[in-house]
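Chemist: Below you'll find the structure I mean.
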Amino acid sequence: MSDLAVSVQALSKRYRIGAPAARSSGLGQTLVRSVTNPFAYLSASMREPTKAETLWAVRDVSFDVPKGQVVGIIGRNGAGKSTLLKLLSRITEPTSGRAVIEGRLGSLLEVGAGFHPELTGRENIFLNGAILGMHRAEVRAKFGDIVEFSGVERFLDTPVKRYSSGMYVRLAFAVAAHLEPEVLIVDEVLAVGDAEFQRRCLGKMESIGKEGRTVLLVSHSMPTISRFCKRAILLHGGAIAADGPVNDVVATYLQSGHGIGSSVTWDEATAPGSAFARLRAIRAVDADHVTQDAFDIRRPIGIEMTYDVLEPLKFVPWIQLESDLGGPIFSAFDTDPDWRQPRAPGTYTSTAWIPGNLMNEGTVLVTASLNTFVSGGRADVVARALEAITFQVLDAGDGTTSRGDYVGTWTAPVRPLLAWDLSSS
């Protein structure tokens with residue numbers, strides 16, 4: 001265990017869901033049954049649940065995390081992420097298997113987890129320090145940093161039950177991040193709070209990773225996972241579906257979520273289109289025309305469309321990009337004057353190049369089409385593939401992009417790196 005911070009071996013957690021219909025009655029009937037036929041009742045209550053009554057929230061999960069590694073844990077809702085973290089945090093007992101954690105463990109699984117509502121903010125800071133096994137002097141040494149980060153100094157001697165949810169989560173994260181556990185577990189808490197708080201949290205998470213501490217981070221934000229983690233674990237149905245380099249695992253997750261990848265090909269029988277033209281393939285490619293699932297935000301992205309022209313027709317290749325969170329990013333078509341003339345029958349490939357430092361981080365869905373313009377400038381669709389491919393845009397977070405040193409949430413669909421002029425008078 002000398003080089004490992006976390007070692008998980010065949011860890012499983014089974015829950016019993018509901019109860020048999022024969023026993024789903026009121027309290028009075030339950031008491032009557034327990035008195036009139038106690039042995040039958042005891043036997044029924046202690047029997048092994050059937051398969052239909054059983055839910056394996058986590059099943060046979062095994063992995064090791066070396067010291068100093070930041071690991072992202074991803075998956076859909078209900079995949080078992082939170083249950084796994086509760087097992088590792090010793091909040092829940094496993095049904096089978098074991099997890100060994102070396103060093104002091106700090107967990108932030110819910111807003112204010114581990115806080116006592118009747119105690120003040122000051123008292124809860126020392127309480128959490130004691131839970132982590134820290135001496136009072138160690139907590140005092142970090143006390144000022146915790147209070148400054150949380151921004152609740154005015155209310156420090158107020159019971160936390162009177163805190164707003166924002167104040168609660170500020171103090172909870174400040175305590176968990178500043179008391180320097182060797183292993184820190186964070187479950188989606190960074191999604192809570194205002195933009196300023198998220199900026200502080202992400203900045204602190206970045207510094208924690210650089211300090212060489214071990215972090216297990218659950219988040220539904222793939223840009224956050226990709227920026228802070230070198231490795232990711234994908235859970236599906238309580239089991240590990242993928243474990244490896246973060247970009248590979250994120251790509252697997254995105255493809256499983258959308259049912260599509262960064263390229264698609266159709267044969268003649270399935271190609272979308274009409275009697276005039278049909279789409280045959282769409283890909284997201286890099287500058288060398290190599291298909292990619294994820295792109296550096298600073299590099300150009302090519303959307304390559306291959307199509308068959310069956311009958312001479314005036315039309316234009318067209319793309320529309322949308323965020324997986326909903327809403328368009330932009331749409332564009334080829335404005336070359338040659339498209340004003342009918343294109344001869346044949347197979348063609350058009351590539352639309354999106355410049356680097358234009359897109360925001362996140363997952364992009366691409367709809368590709370061939371459109372012809374009719375009277376009034378209206379566009380009619382000749383061939384279309386809705387949400388045909390998906391890819392991810394990643395920011396290295398090294399300060400060389402339009403993000404600069406800002407680490408908070410950026411909600412705009414595009415994020416260009418602009419040239420700025422400065423003058424003074």
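Scheme for the structure tokens: letters A, B, ... for chains in order shown; per-chain residue numbers from 1; ligand numbers from 1 in order shown.
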Find the residues around region 201-213 of chain A up to 9 Å (only C-alpha atoms counted), leave out those fewer than 5 positions away in its own chain, and share them as a list in words.
Modeler: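 Listing them by chain and then by number gives Lys67, Gly68, Gln69, Val70, Arg170, Phe173, Ala174, Ala177, His178, Glu180, Pro181, Glu182, Val183, Leu184, Leu190, Glu196, Thr224, Arg227, Phe228, Cys229, Tyr406, Val407 and Gly408 of chain A.
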Chemist: Using only C-alpha atoms, pick whichever of A:Leu365, A:Met359, A:Leu313, A:Val175 has the shortest atom-to-atom distance to Pro345 (chain A).
Modeler: A:Leu313
Chemist: Can you work out which one of A:Val139, A:Gly327, A:Leu84, A:Gly166 has the shortest atom-to-atom distance to Ile185 (chain A), counting only C-alpha atoms?
Modeler: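 Using only C-alpha atoms, the shortest distance to Ile185 (chain A) belongs to A:Leu84.
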Chemist: Which residues come within 8 Å of region 414-416 of chain A, counting only C-alpha atoms, excluding same-chain residues fewer than 4 positions away, as a PyMOL selection string?
Modeler: chain A and resi 329+357-360+402
Chemist: CA of Ala419 (chain A) and CA of Gly362 (chain A) are how many Å apart?
Modeler: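 We find that CA of Ala419 (chain A) and CA of Gly362 (chain A) lie 23.4 Å from each other.
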Chemist: Considering only C-alpha atoms, can you say which of A:Pro117, A:Arg378, A:Thr83, A:Gly75 comes closest to Tyr15 (chain A)?
Modeler: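 Of A:Pro117, A:Arg378, A:Thr83, A:Gly75, the one nearest Tyr15 (chain A) is A:Thr83, counting only C-alpha atoms.
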Chemist: Pick the closest to Leu11 (chain A) from A:Lys86, A:Ile74, A:Ala368, A:Ala99: which is it, counting only C-alpha atoms?
Modeler: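 Between A:Lys86, A:Ile74, A:Ala368, A:Ala99, the residue approaching Leu11 (chain A) most closely is A:Ala99.
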Chemist: Could you tell me which of A:Leu179, A:Val393, A:Leu216, A:Leu235 comes closest to Arg104 (chain A) if we count only C-alpha atoms?
Modeler: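 Smallest distance to Arg104 (chain A) is found for A:Leu179.
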Chemist: Neighbours of region 380-389 of chain A within 6 Å (only C-alpha atoms; same-chain residues fewer than 2 positions away dropped), as a ChimeraX atom specification?
Modeler: /A:260-263,272-273,278,365-372
Chemist: For Val246 (chain A), list every protein, DNA or RNA residue within 8 Å, evaluated using only C-alpha atoms, and leave out those in the same chain fewer than 2 positions away; present the list as an NGL selection string.
Modeler: :A and (72 or 225-226 or 229-232 or 244 or 248-250)
Chemist: In terms of the shortest atom-to-atom distance over only C-alpha atoms, which of A:Tyr348, A:Asp267, A:Phe391, A:Leu310 is closest to Thr291 (chain A)?
Modeler: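 Result for the nearest residue to Thr291 (chain A): A:Phe391.
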Chemist: Extract the full set of helix (DSSP H, G or I) residues from region 199-386 of chain A according to DSSP on the backbone, and format it as a ChimeraX atom specification.
Modeler: /A:199-210,222-228,246-258,337-340,375-377
Chemist: Keeping only N, CA, C and O atoms, write those residues as a compact mmCIF listing (two decimals), in the first residue's frame.
Modeler:
```txt
# COMPACT_ATOMS: atom_id res chain seq x y z
N ARG A 199 -15.87 29.67 -9.07
CA ARG A 199 -14.52 30.05 -9.45
C ARG A 199 -13.54 29.75 -8.32
O ARG A 199 -12.45 29.20 -8.55
N ARG A 200 -13.93 30.07 -7.10
CA ARG A 200 -13.06 29.79 -5.95
C ARG A 200 -12.86 28.28 -5.77
O ARG A 200 -11.73 27.82 -5.52
N CYS A 201 -13.95 27.53 -5.90
CA CYS A 201 -13.86 26.08 -5.71
C CYS A 201 -12.95 25.44 -6.75
O CYS A 201 -12.10 24.61 -6.42
N LEU A 202 -13.14 25.81 -8.00
CA LEU A 202 -12.33 25.22 -9.07
C LEU A 202 -10.87 25.61 -8.92
O LEU A 202 -9.97 24.80 -9.17
N GLY A 203 -10.63 26.84 -8.51
CA GLY A 203 -9.26 27.26 -8.28
C GLY A 203 -8.62 26.47 -7.15
O GLY A 203 -7.45 26.07 -7.23
N LYS A 204 -9.38 26.23 -6.09
CA LYS A 204 -8.85 25.45 -4.97
C LYS A 204 -8.62 24.01 -5.37
O LYS A 204 -7.61 23.39 -4.98
N MET A 205 -9.55 23.45 -6.16
CA MET A 205 -9.36 22.08 -6.63
C MET A 205 -8.09 21.96 -7.46
O MET A 205 -7.35 20.98 -7.36
N GLU A 206 -7.82 22.98 -8.27
CA GLU A 206 -6.62 22.96 -9.10
C GLU A 206 -5.36 22.98 -8.23
O GLU A 206 -4.40 22.25 -8.48
N SER A 207 -5.37 23.81 -7.19
CA SER A 207 -4.20 23.88 -6.31
C SER A 207 -4.03 22.60 -5.52
O SER A 207 -2.90 22.16 -5.26
N ILE A 208 -5.12 21.96 -5.12
CA ILE A 208 -5.05 20.69 -4.39
C ILE A 208 -4.37 19.64 -5.25
O ILE A 208 -3.52 18.88 -4.80
N GLY A 209 -4.76 19.58 -6.53
CA GLY A 209 -4.15 18.62 -7.44
C GLY A 209 -2.67 18.87 -7.62
O GLY A 209 -1.86 17.93 -7.64
N LYS A 210 -2.27 20.15 -7.69
CA LYS A 210 -0.87 20.48 -7.88
C LYS A 210 -0.05 20.20 -6.62
O LYS A 210 1.17 20.04 -6.68
N MET A 222 -18.20 17.42 -18.02
CA MET A 222 -17.04 16.79 -18.66
C MET A 222 -15.86 17.74 -18.82
O MET A 222 -14.71 17.32 -18.68
N PRO A 223 -16.07 19.05 -19.10
CA PRO A 223 -14.91 19.95 -19.14
C PRO A 223 -14.18 20.01 -17.80
O PRO A 223 -12.95 20.07 -17.75
N THR A 224 -14.93 20.00 -16.69
CA THR A 224 -14.30 20.01 -15.36
C THR A 224 -13.49 18.74 -15.15
O THR A 224 -12.34 18.79 -14.70
N ILE A 225 -14.07 17.58 -15.48
CA ILE A 225 -13.36 16.31 -15.34
C ILE A 225 -12.11 16.30 -16.21
O ILE A 225 -11.03 15.89 -15.78
N SER A 226 -12.24 16.76 -17.44
CA SER A 226 -11.12 16.71 -18.38
C SER A 226 -10.00 17.65 -17.96
O SER A 226 -8.83 17.38 -18.21
N ARG A 227 -10.34 18.77 -17.34
CA ARG A 227 -9.31 19.73 -16.97
C ARG A 227 -8.51 19.29 -15.75
O ARG A 227 -7.29 19.43 -15.70
N PHE A 228 -9.20 18.73 -14.75
CA PHE A 228 -8.52 18.45 -13.49
C PHE A 228 -8.00 17.02 -13.37
O PHE A 228 -7.19 16.73 -12.50
N VAL A 246 -8.31 10.13 -19.30
CA VAL A 246 -9.58 10.84 -19.16
C VAL A 246 -10.25 11.10 -20.51
O VAL A 246 -11.48 10.94 -20.64
N ASN A 247 -9.50 11.48 -21.54
CA ASN A 247 -10.13 11.77 -22.83
C ASN A 247 -10.78 10.54 -23.43
O ASN A 247 -11.87 10.62 -24.03
N ASP A 248 -10.14 9.37 -23.28
CA ASP A 248 -10.71 8.14 -23.83
C ASP A 248 -11.99 7.75 -23.10
O ASP A 248 -12.98 7.35 -23.72
N VAL A 249 -11.96 7.87 -21.78
CA VAL A 249 -13.13 7.47 -20.99
C VAL A 249 -14.29 8.44 -21.21
O VAL A 249 -15.45 8.03 -21.32
N VAL A 250 -13.98 9.73 -21.27
CA VAL A 250 -15.03 10.72 -21.52
C VAL A 250 -15.66 10.49 -22.88
O VAL A 250 -16.88 10.58 -23.04
N ALA A 251 -14.84 10.18 -23.89
CA ALA A 251 -15.37 9.90 -25.22
C ALA A 251 -16.30 8.69 -25.19
O ALA A 251 -17.37 8.69 -25.82
N THR A 252 -15.91 7.65 -24.46
CA THR A 252 -16.77 6.47 -24.32
C THR A 252 -18.10 6.83 -23.67
O THR A 252 -19.16 6.39 -24.10
N TYR A 253 -18.04 7.66 -22.64
CA TYR A 253 -19.25 8.09 -21.94
C TYR A 253 -20.16 8.90 -22.85
O TYR A 253 -21.38 8.69 -22.89
N LEU A 254 -19.57 9.83 -23.59
CA LEU A 254 -20.38 10.67 -24.47
C LEU A 254 -21.04 9.85 -25.57
O LEU A 254 -22.20 10.07 -25.92
N GLN A 255 -20.30 8.89 -26.12
CA GLN A 255 -20.86 8.05 -27.16
C GLN A 255 -21.98 7.18 -26.62
O GLN A 255 -23.00 6.98 -27.29
N SER A 256 -21.82 6.68 -25.42
CA SER A 256 -22.87 5.84 -24.83
C SER A 256 -24.09 6.67 -24.49
O SER A 256 -25.22 6.20 -24.59
N GLY A 257 -23.86 7.95 -24.11
CA GLY A 257 -24.98 8.80 -23.75
C GLY A 257 -25.79 9.23 -24.95
O GLY A 257 -27.02 9.32 -24.90
N HIS A 258 -25.12 9.53 -26.06
CA HIS A 258 -25.83 10.01 -27.24
C HIS A 258 -26.08 8.90 -28.26
O HIS A 258 -26.83 9.08 -29.21
N PRO A 337 -19.21 31.04 -54.58
CA PRO A 337 -20.12 31.32 -55.70
C PRO A 337 -20.34 30.12 -56.61
O PRO A 337 -21.37 30.06 -57.32
N ASP A 338 -19.42 29.16 -56.63
CA ASP A 338 -19.59 27.98 -57.47
C ASP A 338 -20.86 27.21 -57.14
O ASP A 338 -21.41 26.50 -58.00
N TRP A 339 -21.33 27.33 -55.90
CA TRP A 339 -22.54 26.60 -55.51
C TRP A 339 -23.80 27.20 -56.12
O TRP A 339 -24.88 26.63 -56.00
N ARG A 340 -23.67 28.34 -56.79
CA ARG A 340 -24.84 28.93 -57.45
C ARG A 340 -25.12 28.26 -58.80
O ARG A 340 -26.13 28.55 -59.44
N SER A 375 -37.19 30.58 -54.01
CA SER A 375 -37.61 31.98 -54.07
C SER A 375 -37.80 32.55 -52.66
O SER A 375 -38.29 31.87 -51.77
N GLY A 376 -37.39 33.79 -52.51
CA GLY A 376 -37.50 34.44 -51.21
C GLY A 376 -36.34 34.15 -50.28
O GLY A 376 -36.34 34.58 -49.13
N GLY A 377 -35.33 33.40 -50.76
CA GLY A 377 -34.17 33.10 -49.93
C GLY A 377 -34.39 31.98 -48.94
O GLY A 377 -33.54 31.71 -48.10
```
Chemist: What gap, in Å, lies between CA of His220 (chain A) and CA of Val285 (chain A)?
Modeler: 25.4 Å
